[in-house]
Amino acid sequence: MGIEVRYASLLETKRLLWLVASFFVMVLIIQYFGFPNVYVVPSLFSSSKGQVAFLGSFQSGNSSVSGNLTFASVLNTTASNVVHEGTAKTELSNTSDATFKDSNITTNKDTEIEDKFPLQVAHGFEFGMPKANVTSENNVVLDKTDKDDIAHGVAKNETIDNSPIITIAAPLAAVISPLTSSSQNQSADHSCMRNIPAVIERSDRARKSVASIAQMNYMLQQSRTSFCSMKPRWSSVVDQELLRAKDLIENAPLLQSEPGLYAPLFRNLSMFKRSYDLMEKTLKVYIYSEGERLIFHSGPMDGIYASEGWFIKLLQENKGFVTKNPQKAHLFYMPISFRLLKMTLYVPDSHNRTNIIQFLSNYVDMMAQKYPFWNRTDGADHFIVACHDWSPAATNEIMSNCIRSLCNADLRGGFQFGKDVSLPQPNIRLRTNPLAELGGKPVFKRRTLAFFAGHMHGYLRPILLKHWENRDPDMRIYGEITKASYLRYMKSSKYCICARGSQVNSPRVVEAIYYGCIPVILSDNYVPPLFETLNWESFAVFVQEKDIPNLKNILLSISDKKYKQMHGRVKQVQQHFLWHFKPSKYDVFHMILHSVWHNRVFGMRRR
């Protein structure tokens, strides 16, 4: 009897074990095939509560800035949440302001500000001008940096138009991975990837990843087939016009040469010429009339932020591209000067940009509620032209779908190939003559191998001076020098070192072209101006930051024949970076507008 009882007990135990095993097998099968909302095993083995991350909010460290966005803002950020899914927790606090100075005795100067965002958002902030507490003669709110500029004779020269990490090289796959979205998701209403690349991961791996110029070329090429803007919520005649233009550009007849254009400067002369001609014939831009000066409809006409003011002025005066009928518009321009936005709204010494972000959010909300055009594409057919260093961080979320023409074109700061445009950043010293001091010495009179001078902003420039200041007579590397000496060296040197400051961009890139000096771009992950159009390798040199100790050898490795060829191309490309009171064919005004047009056309996909 005892044996029978033990046998029966053992049999029941086996049955119980089989039942338990069968239950877990069924659970695993259910989860494997992705039945919705069935996550039994994790709940059994985890005691922590589930957390939901809302990607639409602004975050800094452990703090989250949210809550004061209107209902329309939430609607308008739906598409941006799709774009940045997985990587869009933008850490705005990691960016710093670079306020460049152009005094009579120094070169441009950046001022680094470490931005730390508090938990709260400015309450009750409405679209419009807040009362100023510190003002200049023009009632522009100034922070301490701006007041210092005035003291040194800089802000008064910025006329308003009244009409250390040493990065390591990496293989292509290793670089593109951290510089692009970790999960390039497809939107429900899309037939292609929208995020090439997405907002950059702020990991150590991303910080040490460097995209070479060849890798940037690859990423640009990939974006042309993988990136597309949001599919419009309802069709329009202008969409068909853009699709027709795209077909014509892609099937452009082959050109060997073209009067006024030098083929080696372009990625594809044939496609550029067809695209440019179609832009002149087809493009219509609607400019929003809302917004008062300052901030809207005017901008600096000299200094290093002059691209904002000149573009606003020339586009508003243009009768060929501008239309008063928004139904006919292929693009919608928001005429904001981000330099004046910062000067007007930034609270001195606050290290806080939340009121600027809130202001932009309110502006977009107003556009979305007043007009149907933003909501049709979630802003994909809207664009801004912004030269201030803060503009990428301030717009990464609110205007994430817009085409952004940015001076601070940083792959790690949210710049997206296929959508955004790298904006040329000149240093206009005289608003009444933007072409003053143009030109330089001929090749045979350029005795200095390489030149750099500037203030010590950011981690890179002190490293550059540590290796080369007063070390070699061929390498004229200095800190601050007089303006006269600066211009003399720029006009008489073979190569001009364009080293990043607090941000990746520097006005020296365009200055070098103005003075006939071959630009040497020493700034990792900086996308050079008009990159989708120009073949920068034909007239510029790219040196990674890690190669500073080997800088002279790299330059000496360029043969005299190659140097003379590049010097000639610098002179040829100069016309595409010049501002004119009356815009000229192929000048910088038209080239900026063409790049925006180009990205809008190639962002279109057929239904």
# chains A, B, ... in the order shown; residues from 1 in each chain; ligands from 1
call {"tool": "residues_around", "arguments": {"residues": "Val504 in chain A", "least_positions_apart": "3", "cutoff": "8 Å", "atoms": "only C-alpha atoms", "output": "PyMOL selection string"}}
result
chain A and resi 408-410+500-501+523-526
call {"tool": "write_last_selection", "arguments": {"atoms": "N, CA and C atoms", "output": "compact mmCIF listing (two decimals), in the first residue's frame"}}
result
# COMPACT_ATOMS: atom_id res chain seq x y z
N ASN A 408 25.10 76.60 -38.01
CA ASN A 408 25.62 75.58 -37.09
C ASN A 408 25.15 74.21 -37.58
N ALA A 409 25.75 73.75 -38.66
CA ALA A 409 25.34 72.49 -39.31
C ALA A 409 26.17 71.34 -38.74
N ASP A 410 25.73 70.84 -37.62
CA ASP A 410 26.47 69.83 -36.86
C ASP A 410 25.73 68.50 -36.93
N ARG A 500 37.06 75.09 -35.67
CA ARG A 500 35.82 75.31 -34.94
C ARG A 500 36.08 76.09 -33.66
N GLY A 501 35.04 76.80 -33.21
CA GLY A 501 35.11 77.47 -31.93
C GLY A 501 34.24 76.74 -30.94
N SER A 523 37.14 70.77 -38.25
CA SER A 523 35.93 70.74 -37.42
C SER A 523 35.18 69.44 -37.71
N ASP A 524 35.31 68.49 -36.81
CA ASP A 524 34.69 67.18 -37.03
C ASP A 524 33.17 67.30 -37.09
N ASN A 525 32.59 66.58 -38.05
CA ASN A 525 31.13 66.46 -38.20
C ASN A 525 30.45 67.77 -38.59
N TYR A 526 31.23 68.69 -39.16
CA TYR A 526 30.66 69.93 -39.70
C TYR A 526 30.30 69.71 -41.16
call {"tool": "residues_around", "arguments": {"residues": "range 322-324 of chain A", "least_positions_apart": "3", "cutoff": "6 Å", "atoms": "only C-alpha atoms", "output": "JSON, numbers by chain"}}
result
{"A": [284, 285, 286, 319]}
call {"tool": "atom_distance", "arguments": {"atom1": "CA of Gly309 in chain A", "atom2": "CA of Met604 in chain A"}}
result
29.3 Å
call {"tool": "closest_residue", "arguments": {"among": "A:Met301, A:Leu255, A:Leu551, A:Cys496", "to": "Arg431 in chain A", "atoms": "only C-alpha atoms"}}
result
A:Met301
call {"tool": "residues_around", "arguments": {"residues": "Met216 in chain A", "least_positions_apart": "3", "cutoff": "9 Å", "atoms": "only C-alpha atoms", "output": "list of chain:residue names"}}
result
A:Ile176, A:Ala211, A:Ser212, A:Ile213, A:Met219, A:Leu220, A:Gln221, A:Phe417, A:Asn525, A:Val527
call {"tool": "write_last_selection", "arguments": {"atoms": "all heavy atoms", "output": "short mmCIF file (atom, residue, chain, number, x, y, z; two decimals), in the first residue's frame"}}
result
data_model
loop_
_atom_site.label_atom_id
_atom_site.label_comp_id
_atom_site.auth_asym_id
_atom_site.auth_seq_id
_atom_site.Cartn_x
_atom_site.Cartn_y
_atom_site.Cartn_z
N ILE A 176 28.51 55.81 -39.23
CA ILE A 176 27.13 56.10 -39.59
C ILE A 176 26.16 55.58 -38.54
O ILE A 176 25.14 56.18 -38.27
CB ILE A 176 26.80 55.51 -40.97
CG1 ILE A 176 27.57 56.29 -42.03
CG2 ILE A 176 25.32 55.57 -41.27
CD1 ILE A 176 27.35 55.79 -43.42
N ALA A 211 32.52 61.61 -38.85
CA ALA A 211 32.17 61.33 -40.23
C ALA A 211 33.13 62.08 -41.14
O ALA A 211 33.18 63.31 -41.10
CB ALA A 211 30.72 61.75 -40.50
N SER A 212 33.90 61.38 -41.92
CA SER A 212 34.79 62.02 -42.88
C SER A 212 33.97 62.63 -44.00
O SER A 212 32.76 62.39 -44.13
CB SER A 212 35.77 61.00 -43.45
OG SER A 212 35.07 60.04 -44.25
N ILE A 213 34.62 63.41 -44.85
CA ILE A 213 33.91 64.02 -45.97
C ILE A 213 33.37 62.93 -46.90
O ILE A 213 32.27 63.07 -47.46
CB ILE A 213 34.83 65.01 -46.71
CG1 ILE A 213 34.06 65.78 -47.79
CG2 ILE A 213 36.03 64.31 -47.31
CD1 ILE A 213 33.00 66.69 -47.24
N MET A 219 26.31 59.55 -46.85
CA MET A 219 25.07 59.81 -46.13
C MET A 219 24.13 60.70 -46.94
O MET A 219 22.92 60.50 -46.93
CB MET A 219 25.40 60.46 -44.78
CG MET A 219 26.18 59.53 -43.84
SD MET A 219 26.96 60.41 -42.45
CE MET A 219 25.54 60.68 -41.41
N LEU A 220 24.70 61.67 -47.65
CA LEU A 220 23.88 62.53 -48.51
C LEU A 220 23.25 61.70 -49.63
O LEU A 220 22.06 61.84 -49.93
CB LEU A 220 24.74 63.65 -49.10
CG LEU A 220 24.04 64.55 -50.12
CD1 LEU A 220 22.91 65.33 -49.46
CD2 LEU A 220 25.05 65.50 -50.77
N GLN A 221 24.05 60.84 -50.23
CA GLN A 221 23.53 59.99 -51.31
C GLN A 221 22.42 59.09 -50.81
O GLN A 221 21.39 58.92 -51.47
CB GLN A 221 24.67 59.15 -51.89
CG GLN A 221 24.25 58.26 -53.05
CD GLN A 221 25.39 57.41 -53.56
OE1 GLN A 221 26.46 57.35 -52.96
NE2 GLN A 221 25.20 56.74 -54.67
N PHE A 417 20.53 65.23 -43.23
CA PHE A 417 20.72 65.21 -44.67
C PHE A 417 19.39 64.95 -45.36
O PHE A 417 18.59 64.16 -44.90
CB PHE A 417 21.72 64.13 -45.07
CG PHE A 417 23.15 64.47 -44.80
CD1 PHE A 417 23.87 63.80 -43.83
CD2 PHE A 417 23.78 65.48 -45.51
CE1 PHE A 417 25.19 64.12 -43.57
CE2 PHE A 417 25.10 65.81 -45.26
CZ PHE A 417 25.81 65.13 -44.29
N ASN A 525 32.59 66.58 -38.05
CA ASN A 525 31.13 66.46 -38.20
C ASN A 525 30.45 67.77 -38.59
O ASN A 525 29.25 67.92 -38.41
CB ASN A 525 30.48 65.90 -36.93
CG ASN A 525 30.99 64.51 -36.61
OD1 ASN A 525 31.16 63.69 -37.51
ND2 ASN A 525 31.24 64.24 -35.34
N VAL A 527 29.05 69.99 -41.51
CA VAL A 527 28.60 69.89 -42.89
C VAL A 527 28.84 71.23 -43.56
O VAL A 527 28.24 72.23 -43.17
CB VAL A 527 27.10 69.52 -42.96
CG1 VAL A 527 26.66 69.37 -44.41
CG2 VAL A 527 26.83 68.24 -42.18
#
call {"tool": "closest_residue", "arguments": {"among": "A:Tyr276, A:Phe383, A:Phe338, A:Tyr218", "to": "Tyr288 in chain A", "atoms": "only C-alpha atoms"}}
result
A:Phe383
call {"tool": "closest_residue", "arguments": {"among": "A:Arg508, A:His590, A:Lys561, A:Lys342", "to": "Gln575 in chain A", "atoms": "only C-alpha atoms"}}
result
A:His590
call {"tool": "residues_around", "arguments": {"residues": "range 443-446 of chain A", "least_positions_apart": "2", "cutoff": "8 Å", "atoms": "only C-alpha atoms", "output": "ChimeraX atom specification"}}
result
/A:441,448-449,491-494,564,567
call {"tool": "write_last_selection", "arguments": {"atoms": "N, CA, C and O atoms", "output": "mmCIF file, in the first residue's frame"}}
result
data_model
loop_
_atom_site.group_PDB
_atom_site.id
_atom_site.type_symbol
_atom_site.label_atom_id
_atom_site.label_comp_id
_atom_site.auth_asym_id
_atom_site.auth_seq_id
_atom_site.Cartn_x
_atom_site.Cartn_y
_atom_site.Cartn_z
ATOM 1 N N LYS A 441 46.149 88.061 -52.837
ATOM 2 C CA LYS A 441 47.332 88.011 -53.687
ATOM 3 C C LYS A 441 47.276 86.810 -54.634
ATOM 4 O O LYS A 441 46.646 85.798 -54.324
ATOM 5 N N THR A 448 53.094 82.302 -47.172
ATOM 6 C CA THR A 448 52.803 81.580 -45.930
ATOM 7 C C THR A 448 52.050 80.297 -46.246
ATOM 8 O O THR A 448 51.069 80.320 -47.000
ATOM 9 N N LEU A 449 52.491 79.186 -45.687
ATOM 10 C CA LEU A 449 51.834 77.905 -45.947
ATOM 11 C C LEU A 449 50.442 77.866 -45.339
ATOM 12 O O LEU A 449 49.458 77.566 -46.031
ATOM 13 N N LYS A 491 45.006 87.096 -46.958
ATOM 14 C CA LYS A 491 45.176 87.394 -48.377
ATOM 15 C C LYS A 491 46.517 86.951 -48.935
ATOM 16 O O LYS A 491 46.724 87.007 -50.155
ATOM 17 N N SER A 492 47.418 86.523 -48.068
ATOM 18 C CA SER A 492 48.759 86.157 -48.541
ATOM 19 C C SER A 492 49.158 84.727 -48.163
ATOM 20 O O SER A 492 50.303 84.336 -48.397
ATOM 21 N N SER A 493 48.238 83.957 -47.604
ATOM 22 C CA SER A 493 48.539 82.576 -47.220
ATOM 23 C C SER A 493 47.960 81.594 -48.242
ATOM 24 O O SER A 493 46.960 81.889 -48.899
ATOM 25 N N LYS A 494 48.587 80.453 -48.364
ATOM 26 C CA LYS A 494 48.087 79.413 -49.265
ATOM 27 C C LYS A 494 46.846 78.741 -48.684
ATOM 28 O O LYS A 494 45.854 78.550 -49.371
ATOM 29 N N LYS A 564 47.589 74.836 -57.102
ATOM 30 C CA LYS A 564 47.218 75.874 -58.066
ATOM 31 C C LYS A 564 45.830 75.606 -58.649
ATOM 32 O O LYS A 564 45.047 76.535 -58.877
ATOM 33 N N HIS A 567 43.367 76.534 -55.914
ATOM 34 C CA HIS A 567 43.307 77.986 -55.776
ATOM 35 C C HIS A 567 42.441 78.599 -56.875
ATOM 36 O O HIS A 567 41.626 79.504 -56.624
#
call {"tool": "atom_distance", "arguments": {"atom1": "CA of Thr344 in chain A", "atom2": "CA of Trp374 in chain A"}}
result
25.7 Å
call {"tool": "select_by_dssp", "arguments": {"residues": "range 222-368 of chain A", "states": "alpha helix (DSSP H)", "output": "MDAnalysis selection string"}}
result
chainID A and resid 222:226 237:250 269:282 306:317 338:345 354:368
call {"tool": "closest_residue", "arguments": {"among": "A:Cys387, A:Met399, A:Asn535, A:Ser506", "to": "Asp365 in chain A", "atoms": "only C-alpha atoms"}}
result
A:Met399
call {"tool": "closest_residue", "arguments": {"among": "A:Ala380, A:Met367, A:Val541, A:Val385", "to": "His297 in chain A", "atoms": "only C-alpha atoms"}}
result
A:Val385
call {"tool": "select_by_dssp", "arguments": {"residues": "range 416-555 of chain A", "states": "strand (DSSP E)", "output": "PyMOL selection string"}}
result
chain A and resi 421-422+448-452+475-477+493-499+518-522+541-542
call {"tool": "closest_residue", "arguments": {"among": "A:Leu435, A:Val570, A:Gln240, A:Trp597", "to": "Phe321 in chain A", "atoms": "only C-alpha atoms"}}
result
A:Trp597
call {"tool": "residues_around", "arguments": {"residues": "range 247-249 of chain A", "least_positions_apart": "2", "cutoff": "9 Å", "atoms": "only C-alpha atoms", "output": "MDAnalysis selection string"}}
result
chainID A and resid 242:245 251:253 270:275 278
call {"tool": "atom_distance", "arguments": {"atom1": "CA of Val601 in chain A", "atom2": "CA of Phe266 in chain A"}}
result
18.3 Å
